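Asks: Provided herewith is a single structure, encoded as structure tokens, for subsequent inquiry.
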Amino acid sequence: MALMAHRVTLIPGDGIGPELAEATRRVLDATGVAFEWEVVEAGEACIAEHGTPLPEYVLDSIRRNAIALKGPITTPVGEGFRSVNVTLRQALNLYANLRPARSIRGLETRYEDVDLVIVRENTEDLYAGIEHMVGPDAAESIKIITRAASERIARYAFDYAVANHRHKVTAVHKANIMKLSDGLFLESCRHVAAAYAGQIEFEDRIVDNMCMQLVQNPSQFDVLVLPNLYGDIVSDLCAGLVGGLGVAPGANIGMDSAVFEPVHGSAPKYAGQDRANPTAMILSGVLMLRHLGYVAVADGVETVIRDVIAEGATVTHDLGGTAGTREFADAIVRRLEAAPAVAASAE
Ligand code: NAD
């Protein structure tokens, strides 16, 4: 018996977002899982009509459906509106940002065996947005780290490690310099780690050393847990290890809702050119399938994506090919439609 359709909020976003969202929707529909897409606009296009890039109806839709798939949204640098992405994560308390980075056969990268999972705290740190000028020539940003949020993200990382048969969690910090704030983050991770002793290994690294070691020898790491800002930076580094931002998916998970989105931004220079790589957003859709419990379907879609990239005939420009966004999605959709096992397991 077919299950009821999953109602999902779909936010196409800015720049390359709408093309990627369309490609992702077609791939997910081709799995046979029943989705009902509630398309809501957020970002630059909303400002003229609603006076804000994040109208309340967007948050209402996500609260109602408890699940969203989101394209990237432009944030002006320096002035103007606060980041829609950060506001959304904070407003919905999407406290865990999950960013897997796994090597894909066929992509020219320095390593072939990278398999990392970045767990980034998503609600506080310097992203709390508490900034002010101190006179005309100095500015201050306040970094917030709490025990509650640090222990919560550490528990998420350890629970993820257990559920996904991972063996080690590495906490990343700069507690040698920020002894109180990063010190509290590290202390919280150590406290949580004690409850998993004998089951999941725990270690910590100072963030600068971590970056160097990730570039030199990434396979020594497994699951990483980081405060917000280091998590943002280190996850882009990890994306670079496996083929770039075009292939890096993400998920923002909260107690009540979850928003799935690629790591990359709106890449405005490629907007409307059918040139951007939809892999990161499609893989974010794969994370959404897993979240909904369609583990076999998710594995099937991921295998198809990896096969298409490994074969190399239909890959986008960032991966050295000539395929357009739509053509790449077509190649995946064709294979899914020809593989009834994937669709059938959705029932
Ligand atoms: P970006 O990720 O948009 O682009 C950086 C470069 O990465 C691009 O020039 C392009 O070469 C490459 N790239 C990114 N995605 C790609 C894809 N799918 N296919 C092929 N190449 C791809 O980063 P940026 O230029 O720093 O940011 C642009 C805008 O996006 C900014 O306004 C920023 O605030 C916003 N942003 C949004 C999110 C989000 O919505 N979650 C995340 C990051 C940045």
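Simple scheme: letters A, B, ... for chains in structure tokens order, numbers from 1 for residues in each chain, numbers from 1 for ligands in the order shown.
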Around ligand 1, out to 7 Å and counting only C-alpha atoms and all ligand atoms, which residues are there? I want them as a list in words.

Replies: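 Counting only what the definition allows, namely only C-alpha atoms and all ligand atoms, the set is Gly71, Pro72, Ile73, Thr74, Thr75, Pro76, Asn85, Leu245, Gly246, Glu261, Pro262, Val263, His264, Gly265, Ser266, Ala267, Pro268, Lys269, Ala276, Asn277, Pro278, Ala280 and Asp318 of chain A.
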
Asks: DSSP says helix (DSSP H, G or I) for which residues of region 7-206 of chain A? Put them as a PyMOL selection string?

Replies: chain A and resi 17-29+44-50+56-65+84-91+126-128+147-163+181-194

Asks: Mind checking DSSP for region 196-318 of chain A and telling me the strand (DSSP E) residues as a list in words?

Replies: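 Across region 196-318 of chain A, those assigned strand (DSSP E) are Glu201, Phe202, Glu203, Asp204, Arg205, Ile206, Val223, Leu224, Val225, Leu226, Ala251, Asn252, Ile253, Ala258, Val259 and Phe260 of chain A.
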
Asks: With all heavy atoms kept, could you save the residues just selected as a short mmCIF file (atom, residue, chain, number, x, y, z; two decimals), in the first residue's frame?

Replies:
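Saved the output as out.cif:
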data_model
loop_
_atom_site.label_atom_id
_atom_site.label_comp_id
_atom_site.auth_asym_id
_atom_site.auth_seq_id
_atom_site.Cartn_x
_atom_site.Cartn_y
_atom_site.Cartn_z
N GLU A 201 35.15 6.47 20.42
CA GLU A 201 36.39 7.13 20.83
C GLU A 201 36.20 8.65 20.80
O GLU A 201 35.43 9.16 19.97
CB GLU A 201 37.45 6.70 19.81
CG GLU A 201 38.88 6.83 20.24
CD GLU A 201 39.79 6.49 19.06
OE1 GLU A 201 39.51 5.49 18.34
OE2 GLU A 201 40.74 7.25 18.84
N PHE A 202 36.92 9.35 21.65
CA PHE A 202 36.85 10.82 21.65
C PHE A 202 38.25 11.42 21.68
O PHE A 202 39.15 10.90 22.34
CB PHE A 202 36.06 11.31 22.87
CG PHE A 202 36.04 12.81 23.00
CD1 PHE A 202 35.32 13.58 22.11
CD2 PHE A 202 36.77 13.46 24.01
CE1 PHE A 202 35.31 14.97 22.21
CE2 PHE A 202 36.76 14.85 24.10
CZ PHE A 202 36.03 15.60 23.21
N GLU A 203 38.42 12.51 20.93
CA GLU A 203 39.68 13.27 20.97
C GLU A 203 39.34 14.72 20.66
O GLU A 203 38.21 15.02 20.25
CB GLU A 203 40.67 12.72 19.93
CG GLU A 203 40.14 12.85 18.51
CD GLU A 203 41.10 12.41 17.43
OE1 GLU A 203 42.09 11.73 17.72
OE2 GLU A 203 40.84 12.76 16.26
N ASP A 204 40.29 15.62 20.84
CA ASP A 204 40.05 17.01 20.44
C ASP A 204 41.25 17.56 19.70
O ASP A 204 42.35 17.03 19.81
CB ASP A 204 39.70 17.86 21.66
CG ASP A 204 40.89 18.10 22.57
OD1 ASP A 204 41.19 17.23 23.40
OD2 ASP A 204 41.55 19.15 22.41
N ARG A 205 41.01 18.62 18.92
CA ARG A 205 42.08 19.28 18.16
C ARG A 205 41.85 20.78 18.19
O ARG A 205 40.70 21.24 18.11
CB ARG A 205 42.06 18.86 16.69
CG ARG A 205 42.48 17.45 16.39
CD ARG A 205 44.00 17.31 16.42
NE ARG A 205 44.41 16.02 15.84
CZ ARG A 205 44.29 14.84 16.43
NH1 ARG A 205 43.76 14.76 17.62
NH2 ARG A 205 44.69 13.74 15.82
N ILE A 206 42.93 21.54 18.22
CA ILE A 206 42.83 22.99 18.06
C ILE A 206 42.60 23.28 16.57
O ILE A 206 43.18 22.61 15.70
CB ILE A 206 44.12 23.65 18.60
CG1 ILE A 206 44.17 23.42 20.12
CG2 ILE A 206 44.15 25.13 18.27
CD1 ILE A 206 45.44 23.88 20.79
N VAL A 223 33.92 11.56 12.69
CA VAL A 223 32.89 12.58 12.93
C VAL A 223 33.56 13.76 13.64
O VAL A 223 34.31 13.56 14.59
CB VAL A 223 31.75 12.02 13.82
CG1 VAL A 223 30.73 13.10 14.14
CG2 VAL A 223 31.08 10.82 13.13
N LEU A 224 33.31 14.98 13.15
CA LEU A 224 33.86 16.18 13.79
C LEU A 224 32.73 16.97 14.41
O LEU A 224 31.66 17.09 13.80
CB LEU A 224 34.56 17.08 12.75
CG LEU A 224 35.49 16.43 11.73
CD1 LEU A 224 36.12 17.50 10.83
CD2 LEU A 224 36.58 15.64 12.44
N VAL A 225 32.95 17.51 15.60
CA VAL A 225 31.93 18.38 16.20
C VAL A 225 32.58 19.73 16.48
O VAL A 225 33.67 19.80 17.06
CB VAL A 225 31.28 17.73 17.45
CG1 VAL A 225 32.27 17.45 18.57
CG2 VAL A 225 30.14 18.60 17.97
N LEU A 226 31.91 20.81 16.01
CA LEU A 226 32.51 22.13 16.09
C LEU A 226 31.50 23.21 16.46
O LEU A 226 30.32 23.10 16.09
CB LEU A 226 33.10 22.53 14.72
CG LEU A 226 33.97 21.53 13.97
CD1 LEU A 226 33.14 20.68 13.06
CD2 LEU A 226 35.04 22.23 13.17
N ALA A 251 22.32 19.39 6.12
CA ALA A 251 21.00 19.31 6.76
C ALA A 251 21.04 20.13 8.03
O ALA A 251 22.07 20.14 8.72
CB ALA A 251 20.68 17.85 7.10
N ASN A 252 19.95 20.83 8.32
CA ASN A 252 19.81 21.56 9.58
C ASN A 252 18.70 20.88 10.35
O ASN A 252 17.54 20.87 9.91
CB ASN A 252 19.41 23.02 9.32
CG ASN A 252 20.40 23.73 8.42
OD1 ASN A 252 21.48 24.11 8.85
ND2 ASN A 252 20.05 23.89 7.14
N ILE A 253 19.06 20.30 11.50
CA ILE A 253 18.11 19.46 12.22
C ILE A 253 17.73 20.11 13.56
O ILE A 253 18.61 20.53 14.31
CB ILE A 253 18.72 18.07 12.52
CG1 ILE A 253 19.40 17.47 11.28
CG2 ILE A 253 17.70 17.13 13.14
CD1 ILE A 253 18.49 16.87 10.26
N ALA A 258 13.19 20.16 10.23
CA ALA A 258 14.51 19.98 9.62
C ALA A 258 14.50 20.65 8.25
O ALA A 258 13.50 20.58 7.51
CB ALA A 258 14.82 18.49 9.49
N VAL A 259 15.60 21.31 7.92
CA VAL A 259 15.73 22.00 6.62
C VAL A 259 16.99 21.46 5.94
O VAL A 259 18.08 21.52 6.50
CB VAL A 259 15.83 23.53 6.82
CG1 VAL A 259 16.08 24.22 5.48
CG2 VAL A 259 14.57 24.08 7.49
N PHE A 260 16.80 20.97 4.72
CA PHE A 260 17.89 20.34 3.98
C PHE A 260 18.36 21.32 2.90
O PHE A 260 17.55 21.83 2.12
CB PHE A 260 17.42 19.01 3.39
CG PHE A 260 17.05 18.06 4.49
CD1 PHE A 260 15.80 18.11 5.10
CD2 PHE A 260 17.98 17.16 4.98
CE1 PHE A 260 15.48 17.28 6.16
CE2 PHE A 260 17.67 16.32 6.05
CZ PHE A 260 16.41 16.38 6.63
#

Asks: Restricting the calculation to only C-alpha atoms, which member of A:Cys189, A:Ile282, A:Leu126, A:Val295 is positioned closest to Val333 (chain A)?

Replies: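 With only C-alpha atoms as the atom set, the closest residue is A:Ile282.
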
Asks: Neighbours of region 9-12 of chain A within 10 Å (only C-alpha atoms; same-chain residues fewer than 3 positions away dropped), as a PyMOL selection string?

Replies: chain A and resi 6+15-22+25+36-43+58-73+259-261

Asks: So, with only C-alpha atoms as the atoms that count, which of A:Ala175, A:Ala298, A:Ala148, A:Phe35 lies closest to Arg7 (chain A)?

Replies: A:Phe35

Asks: Can you pull out every residue within 8 Å of Ser141 (chain A), counting only C-alpha atoms, but drop anything in the same chain fewer than 3 positions away, and send it as a short mmCIF file (atom, residue, chain, number, x, y, z; two decimals) with C-alpha atoms, in the first residue's frame?

Replies:
data_model
loop_
_atom_site.label_atom_id
_atom_site.label_comp_id
_atom_site.auth_asym_id
_atom_site.auth_seq_id
_atom_site.Cartn_x
_atom_site.Cartn_y
_atom_site.Cartn_z
CA LEU A 126 29.62 34.62 16.62
CA GLY A 129 24.64 38.51 15.56
CA ILE A 130 25.46 40.69 18.59
CA GLU A 131 27.67 43.38 17.07
CA HIS A 132 28.15 47.05 17.71
#

Asks: Quick one: residues within 10 Å of Gln90 (chain A), only C-alpha atoms counted, chain neighbours fewer than 3 positions away excluded, as a PyMOL selection string?

Replies: chain A and resi 84-87+93-95+122-124+127-128+254

Asks: Could you dump the residues just selected with C-alpha atoms as a PDB file, in the first residue's frame?

Replies:
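The resulting file, result-v1.pdb, is shown below:
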ATOM      1  CA  VAL A  84      17.979  34.533   5.913  1.00  0.00           C
ATOM      2  CA  ASN A  85      19.885  31.294   6.418  1.00  0.00           C
ATOM      3  CA  VAL A  86      21.091  32.172   9.912  1.00  0.00           C
ATOM      4  CA  THR A  87      17.710  33.670  10.910  1.00  0.00           C
ATOM      5  CA  ASN A  93      16.006  26.159  16.586  1.00  0.00           C
ATOM      6  CA  LEU A  94      17.668  23.936  13.979  1.00  0.00           C
ATOM      7  CA  TYR A  95      20.564  23.304  16.306  1.00  0.00           C
ATOM      8  CA  ASN A 122      24.004  26.009  14.428  1.00  0.00           C
ATOM      9  CA  THR A 123      22.453  28.496  16.842  1.00  0.00           C
ATOM     10  CA  GLU A 124      25.084  30.513  18.711  1.00  0.00           C
ATOM     11  CA  TYR A 127      26.476  33.935  14.572  1.00  0.00           C
ATOM     12  CA  ALA A 128      24.397  35.232  17.495  1.00  0.00           C
ATOM     13  CA  GLY A 254      15.963  20.648  15.132  1.00  0.00           C
TER      14      GLY A 254
END

Asks: Looking at A:Asp115, A:Asp256, A:Glu327, A:Glu151, which one is nearest to Cys238 (chain A), with distances taken over only C-alpha atoms?

Replies: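 Among A:Asp115, A:Asp256, A:Glu327, A:Glu151, it is A:Asp115 that comes nearest to Cys238 (chain A).
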
Asks: To one decimal place, how far is CA of Val286 (chain A) from CA of Glu302 (chain A) in Å?

Replies: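 We find that CA of Val286 (chain A) and CA of Glu302 (chain A) lie 6.9 Å from each other.
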
Asks: Mind checking which residues fall within 10 Å of region 152-168 of chain A, counting only C-alpha atoms, ignoring those fewer than 3 positions away in the same chain, and posting them as an mmCIF file with C-alpha atoms, in the first residue's frame?

Replies:
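Result written to out36.cif:
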data_model
loop_
_atom_site.group_PDB
_atom_site.id
_atom_site.type_symbol
_atom_site.label_atom_id
_atom_site.label_comp_id
_atom_site.auth_asym_id
_atom_site.auth_seq_id
_atom_site.Cartn_x
_atom_site.Cartn_y
_atom_site.Cartn_z
ATOM 1 C CA TYR A 95 20.564 23.304 16.306
ATOM 2 C CA ALA A 96 22.523 20.668 14.386
ATOM 3 C CA ASN A 97 24.096 21.314 11.001
ATOM 4 C CA LEU A 98 25.117 18.016 9.448
ATOM 5 C CA LEU A 116 33.971 12.661 7.130
ATOM 6 C CA VAL A 117 30.869 13.933 8.865
ATOM 7 C CA ILE A 118 30.882 17.497 10.123
ATOM 8 C CA VAL A 119 28.467 18.291 12.963
ATOM 9 C CA ARG A 120 28.305 22.058 13.387
ATOM 10 C CA GLU A 121 26.521 23.856 16.234
ATOM 11 C CA ASN A 122 24.004 26.009 14.428
ATOM 12 C CA THR A 146 26.532 27.994 26.362
ATOM 13 C CA ARG A 147 26.853 24.678 28.155
ATOM 14 C CA ALA A 148 23.336 23.680 27.104
ATOM 15 C CA ALA A 149 23.926 24.199 23.365
ATOM 16 C CA ALA A 171 35.911 18.094 19.021
ATOM 17 C CA PHE A 185 32.621 24.004 24.473
ATOM 18 C CA LEU A 186 35.495 21.544 24.997
ATOM 19 C CA SER A 188 30.924 20.123 27.455
ATOM 20 C CA CYS A 189 32.129 17.735 24.732
ATOM 21 C CA ARG A 190 34.374 15.909 27.223
ATOM 22 C CA HIS A 191 31.468 15.596 29.642
ATOM 23 C CA VAL A 192 29.167 14.103 26.981
ATOM 24 C CA ALA A 193 31.978 11.863 25.639
ATOM 25 C CA ALA A 195 28.802 8.687 28.610
ATOM 26 C CA TYR A 196 29.915 6.963 25.365
ATOM 27 C CA GLN A 199 31.620 2.701 22.520
ATOM 28 C CA ILE A 200 32.832 5.807 20.636
ATOM 29 C CA GLU A 201 36.386 7.128 20.833
ATOM 30 C CA PHE A 202 36.847 10.817 21.649
ATOM 31 C CA GLU A 203 39.680 13.271 20.968
ATOM 32 C CA GLN A 220 42.484 9.738 10.438
ATOM 33 C CA PHE A 221 39.185 11.555 11.225
ATOM 34 C CA ASP A 222 35.595 10.358 11.343
ATOM 35 C CA VAL A 223 32.890 12.578 12.928
ATOM 36 C CA LEU A 224 33.864 16.180 13.788
ATOM 37 C CA VAL A 225 31.929 18.382 16.204
ATOM 38 C CA LEU A 226 32.514 22.130 16.086
ATOM 39 C CA PRO A 227 31.118 25.459 17.251
ATOM 40 C CA ILE A 253 18.107 19.464 12.225
#

Asks: Quick check, in Å to one decimal: how far apart do CA of Val114 (chain A) and CA of Asn217 (chain A) lie?

Replies: 9.2 Å
